[in-house]
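Below: one structure, written as structure tokens.
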Amino acid sequence: MRKALIPAAGRGTRFLPLTKSVPKELAPLVTTPALEYVVAEAAGHGVTDVLLVVSQGKAAVGEYFQRNLELEAVLEAKGDLAGLAAIRRAPSLATIHEVEQLTPRGLGDAVAHGEDFAAGEPIAVLLPDDLIDDRDHLLSAMIDVFAEHGGIVLGLIDVAREEISKYGCVSLVEGSDASGDVVAIADLVEKPPADTAPSTLAIIGRYILPPRIFEVLRATQPGSGGEVQLTDAMRTLAHEGVPVHGVVFRGRRYDTGDRLEYVKAVVQLAQRHPGIGEEFTAWLREYVSGS
């Protein structure tokens, strides 16, 4: 799996007023943007080329992954080796490519912008709002499943039934063990009502897609929310007999697209931060006990 696509064209309205001028994908988790964590996750599993799907006004997203030679020279002159290593990390992770999505028309449309980049190869899609803790591994298990079965591989989590309407949802092939780590999927539905959802297995922001997804996306009409839904295109392939499997993730995940969950992620990552973790954790304990 050499190539990955990361959609980064959303307006980030839940994070206004910050996102009026700062792309949500660059909002810091202590000192590092979620987007860098996601690119690092992909690179750590063999991805060498990453396509960022951006929108107008988000030049800073691509610029973040370019070297800043002037700043490097300043840090080098100061002897700030830690700072130097920190700013050199992102540009060294992978070869970054960009394409502009002129009008946000849904995840399916964003993925469709990667057809030329994929050039007939399978592609991993990682959503930057979904952050997988670096102590856990989802993408590697998905790559293994793809190597065995081909087709489509999805990252899944088991959610409370009342939460399933927020997600794409899967129904399983008859006889597939819903409690297993890998499940065979018969069908997919985008954001079903809780009382009619076929399962509580929700699709999260990790996908491995075959090259034919692009042909199907070109013919996929807008669906839920008036947007081109990736779920609808994957469903078409599933009905044509393309195998679809899901890897059920039970590790640590942060939803950095939600304001409360974003703050929780900042706190948890701050506790592990090598520069401030110990001091921050001591302060946090004192603060909580005092409240």
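If you're wondering about the labels, chains in the structure tokens are A, B, ... by order shown, residues count from 1 in each chain, ligands from 1 in order shown.
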Test item: residues at most 9 Å from region 209-217 of chain A, only C-alpha atoms, excluding those fewer than 4 positions along its chain, as a list in words: Gly108, Asp109, Val111, Ala112, His113, Gly114, Glu115, Ala118, Ala119, Gly120, Glu121, Pro122, Ile123, Ala124, Val125, Gly150, Gly151, Ile152, Val153, Leu154, Gln221, Val228, Gln229, Leu230, Asp232, Ala233, Met234, Thr236 and Leu237 of chain A
Resulting file, chosen residues, N, CA, C and O atoms, as an mmCIF file, in the first residue's frame:
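Written output follows (result.cif):
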```cif
data_model
loop_
_atom_site.group_PDB
_atom_site.id
_atom_site.type_symbol
_atom_site.label_atom_id
_atom_site.label_comp_id
_atom_site.auth_asym_id
_atom_site.auth_seq_id
_atom_site.Cartn_x
_atom_site.Cartn_y
_atom_site.Cartn_z
ATOM 1 N N GLY A 108 -17.266 11.256 -1.009
ATOM 2 C CA GLY A 108 -17.113 10.546 -2.267
ATOM 3 C C GLY A 108 -16.483 11.413 -3.336
ATOM 4 O O GLY A 108 -15.611 10.972 -4.090
ATOM 5 N N ASP A 109 -16.897 12.672 -3.405
ATOM 6 C CA ASP A 109 -16.332 13.588 -4.385
ATOM 7 C C ASP A 109 -14.863 13.870 -4.076
ATOM 8 O O ASP A 109 -14.035 13.963 -4.984
ATOM 9 N N VAL A 111 -12.730 11.853 -2.601
ATOM 10 C CA VAL A 111 -11.957 10.670 -2.994
ATOM 11 C C VAL A 111 -11.837 10.595 -4.513
ATOM 12 O O VAL A 111 -10.777 10.224 -5.047
ATOM 13 N N ALA A 112 -12.886 10.987 -5.237
ATOM 14 C CA ALA A 112 -12.854 10.951 -6.697
ATOM 15 C C ALA A 112 -11.729 11.812 -7.254
ATOM 16 O O ALA A 112 -11.203 11.534 -8.340
ATOM 17 N N HIS A 113 -11.337 12.847 -6.521
ATOM 18 C CA HIS A 113 -10.237 13.708 -6.963
ATOM 19 C C HIS A 113 -8.879 12.987 -6.946
ATOM 20 O O HIS A 113 -7.884 13.541 -7.408
ATOM 21 N N GLY A 114 -8.845 11.781 -6.409
ATOM 22 C CA GLY A 114 -7.586 11.051 -6.336
ATOM 23 C C GLY A 114 -7.364 10.068 -7.454
ATOM 24 O O GLY A 114 -6.391 9.298 -7.428
ATOM 25 N N GLU A 115 -8.219 10.079 -8.492
ATOM 26 C CA GLU A 115 -8.112 9.057 -9.541
ATOM 27 C C GLU A 115 -6.777 9.109 -10.258
ATOM 28 O O GLU A 115 -6.110 8.078 -10.446
ATOM 29 N N ALA A 118 -3.985 7.887 -7.922
ATOM 30 C CA ALA A 118 -3.969 6.442 -7.687
ATOM 31 C C ALA A 118 -3.369 5.697 -8.881
ATOM 32 O O ALA A 118 -2.672 4.695 -8.703
ATOM 33 N N ALA A 119 -3.651 6.188 -10.087
ATOM 34 C CA ALA A 119 -3.053 5.622 -11.308
ATOM 35 C C ALA A 119 -3.192 4.100 -11.379
ATOM 36 O O ALA A 119 -2.237 3.379 -11.666
ATOM 37 N N GLY A 120 -4.404 3.623 -11.064
ATOM 38 C CA GLY A 120 -4.677 2.200 -11.193
ATOM 39 C C GLY A 120 -4.275 1.349 -10.014
ATOM 40 O O GLY A 120 -4.426 0.119 -10.062
ATOM 41 N N GLU A 121 -3.780 1.955 -8.955
ATOM 42 C CA GLU A 121 -3.388 1.201 -7.762
ATOM 43 C C GLU A 121 -4.466 1.312 -6.679
ATOM 44 O O GLU A 121 -5.239 2.278 -6.669
ATOM 45 N N PRO A 122 -4.512 0.357 -5.752
ATOM 46 C CA PRO A 122 -5.382 0.535 -4.589
ATOM 47 C C PRO A 122 -4.888 1.713 -3.763
ATOM 48 O O PRO A 122 -3.716 2.108 -3.841
ATOM 49 N N ILE A 123 -5.789 2.265 -2.975
ATOM 50 C CA ILE A 123 -5.440 3.467 -2.228
ATOM 51 C C ILE A 123 -6.039 3.401 -0.829
ATOM 52 O O ILE A 123 -7.141 2.890 -0.628
ATOM 53 N N ALA A 124 -5.276 3.871 0.146
ATOM 54 C CA ALA A 124 -5.800 4.022 1.508
ATOM 55 C C ALA A 124 -6.371 5.420 1.640
ATOM 56 O O ALA A 124 -5.820 6.382 1.102
ATOM 57 N N VAL A 125 -7.486 5.545 2.326
ATOM 58 C CA VAL A 125 -8.087 6.847 2.616
ATOM 59 C C VAL A 125 -8.134 6.999 4.129
ATOM 60 O O VAL A 125 -8.665 6.129 4.840
ATOM 61 N N GLY A 150 -8.375 -8.758 -0.911
ATOM 62 C CA GLY A 150 -8.602 -7.733 -1.918
ATOM 63 C C GLY A 150 -9.878 -6.968 -1.633
ATOM 64 O O GLY A 150 -10.365 -6.918 -0.497
ATOM 65 N N GLY A 151 -10.447 -6.337 -2.667
ATOM 66 C CA GLY A 151 -11.717 -5.647 -2.509
ATOM 67 C C GLY A 151 -11.619 -4.380 -1.686
ATOM 68 O O GLY A 151 -10.675 -3.589 -1.829
ATOM 69 N N ILE A 152 -12.585 -4.205 -0.803
ATOM 70 C CA ILE A 152 -12.685 -3.040 0.072
ATOM 71 C C ILE A 152 -12.447 -3.484 1.504
ATOM 72 O O ILE A 152 -12.956 -4.529 1.932
ATOM 73 N N VAL A 153 -11.691 -2.699 2.242
ATOM 74 C CA VAL A 153 -11.491 -2.965 3.670
ATOM 75 C C VAL A 153 -11.819 -1.680 4.438
ATOM 76 O O VAL A 153 -11.337 -0.601 4.089
ATOM 77 N N LEU A 154 -12.628 -1.817 5.482
ATOM 78 C CA LEU A 154 -13.084 -0.677 6.263
ATOM 79 C C LEU A 154 -12.625 -0.787 7.703
ATOM 80 O O LEU A 154 -12.542 -1.895 8.260
ATOM 81 N N GLN A 221 -24.580 9.413 -7.849
ATOM 82 C CA GLN A 221 -25.343 10.654 -7.692
ATOM 83 C C GLN A 221 -25.323 11.110 -6.237
ATOM 84 O O GLN A 221 -25.121 10.299 -5.320
ATOM 85 N N VAL A 228 -22.084 13.624 -2.504
ATOM 86 C CA VAL A 228 -21.666 12.354 -3.095
ATOM 87 C C VAL A 228 -21.055 11.510 -1.981
ATOM 88 O O VAL A 228 -19.997 11.853 -1.442
ATOM 89 N N GLN A 229 -21.738 10.438 -1.636
ATOM 90 C CA GLN A 229 -21.336 9.634 -0.491
ATOM 91 C C GLN A 229 -20.443 8.479 -0.916
ATOM 92 O O GLN A 229 -20.798 7.693 -1.809
ATOM 93 N N LEU A 230 -19.287 8.366 -0.287
ATOM 94 C CA LEU A 230 -18.399 7.229 -0.541
ATOM 95 C C LEU A 230 -19.106 5.924 -0.199
ATOM 96 O O LEU A 230 -18.929 4.911 -0.880
ATOM 97 N N ASP A 232 -22.173 5.111 -0.661
ATOM 98 C CA ASP A 232 -23.021 4.679 -1.772
ATOM 99 C C ASP A 232 -22.195 3.998 -2.858
ATOM 100 O O ASP A 232 -22.620 2.991 -3.440
ATOM 101 N N ALA A 233 -21.017 4.531 -3.151
ATOM 102 C CA ALA A 233 -20.157 3.925 -4.169
ATOM 103 C C ALA A 233 -19.652 2.559 -3.710
ATOM 104 O O ALA A 233 -19.613 1.596 -4.500
ATOM 105 N N MET A 234 -19.263 2.458 -2.462
ATOM 106 C CA MET A 234 -18.803 1.171 -1.942
ATOM 107 C C MET A 234 -19.943 0.156 -1.958
ATOM 108 O O MET A 234 -19.736 -1.035 -2.220
ATOM 109 N N THR A 236 -22.366 0.007 -4.110
ATOM 110 C CA THR A 236 -22.504 -0.454 -5.487
ATOM 111 C C THR A 236 -21.528 -1.589 -5.769
ATOM 112 O O THR A 236 -21.892 -2.628 -6.338
ATOM 113 N N LEU A 237 -20.279 -1.412 -5.367
ATOM 114 C CA LEU A 237 -19.286 -2.467 -5.581
ATOM 115 C C LEU A 237 -19.640 -3.733 -4.802
ATOM 116 O O LEU A 237 -19.477 -4.853 -5.322
#
```
Contacts of Val159 (chain A) within 9 Å, only C-alpha atoms, excl. fewer than 5 positions in-chain, as number ranges by chain: A: 164, 200-202
With N, CA and C atoms retained, export the selected residues as a compact mmCIF listing (two decimals), in the first residue's frame.
```txt
# COMPACT_ATOMS: atom_id res chain seq x y z
N ILE A 164 -25.60 5.23 16.27
CA ILE A 164 -25.28 4.71 14.94
C ILE A 164 -25.75 5.64 13.82
N THR A 200 -24.63 -2.37 14.87
CA THR A 200 -24.05 -1.21 15.57
C THR A 200 -22.57 -1.05 15.21
N LEU A 201 -22.18 -1.67 14.09
CA LEU A 201 -20.80 -1.53 13.61
C LEU A 201 -20.73 -0.32 12.68
N ALA A 202 -20.02 0.70 13.13
CA ALA A 202 -19.95 1.97 12.42
C ALA A 202 -18.63 2.10 11.67
```
Residues near Ala34 (chain A), cut-off 8 Å, only C-alpha atoms, skip fewer than 4 positions along chain, as a PyMOL selection string: chain A and resi 25-29+38+128-129+131+256
DSSP-assigned strand (DSSP E) members of region 49-211 of chain A, reported as a PyMOL selection string: chain A and resi 49-54+95-100+123-126+130-132+152-158+168-172+182-190+201-209
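Comparing the minimum interatomic distances between Ser92 (chain A) and each of A:Gly175, A:Gly290, A:Pro104, A:Gly44, counting only C-alpha atoms, we find that A:Gly44 sits nearest.
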Residue list (alpha helix (DSSP H), DSSP) for region 37-100 of chain A, as a count of residues only: 36
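Here CA of Pro193 (chain A) is placed at a distance of 22.5 Å from CA of Val244 (chain A).
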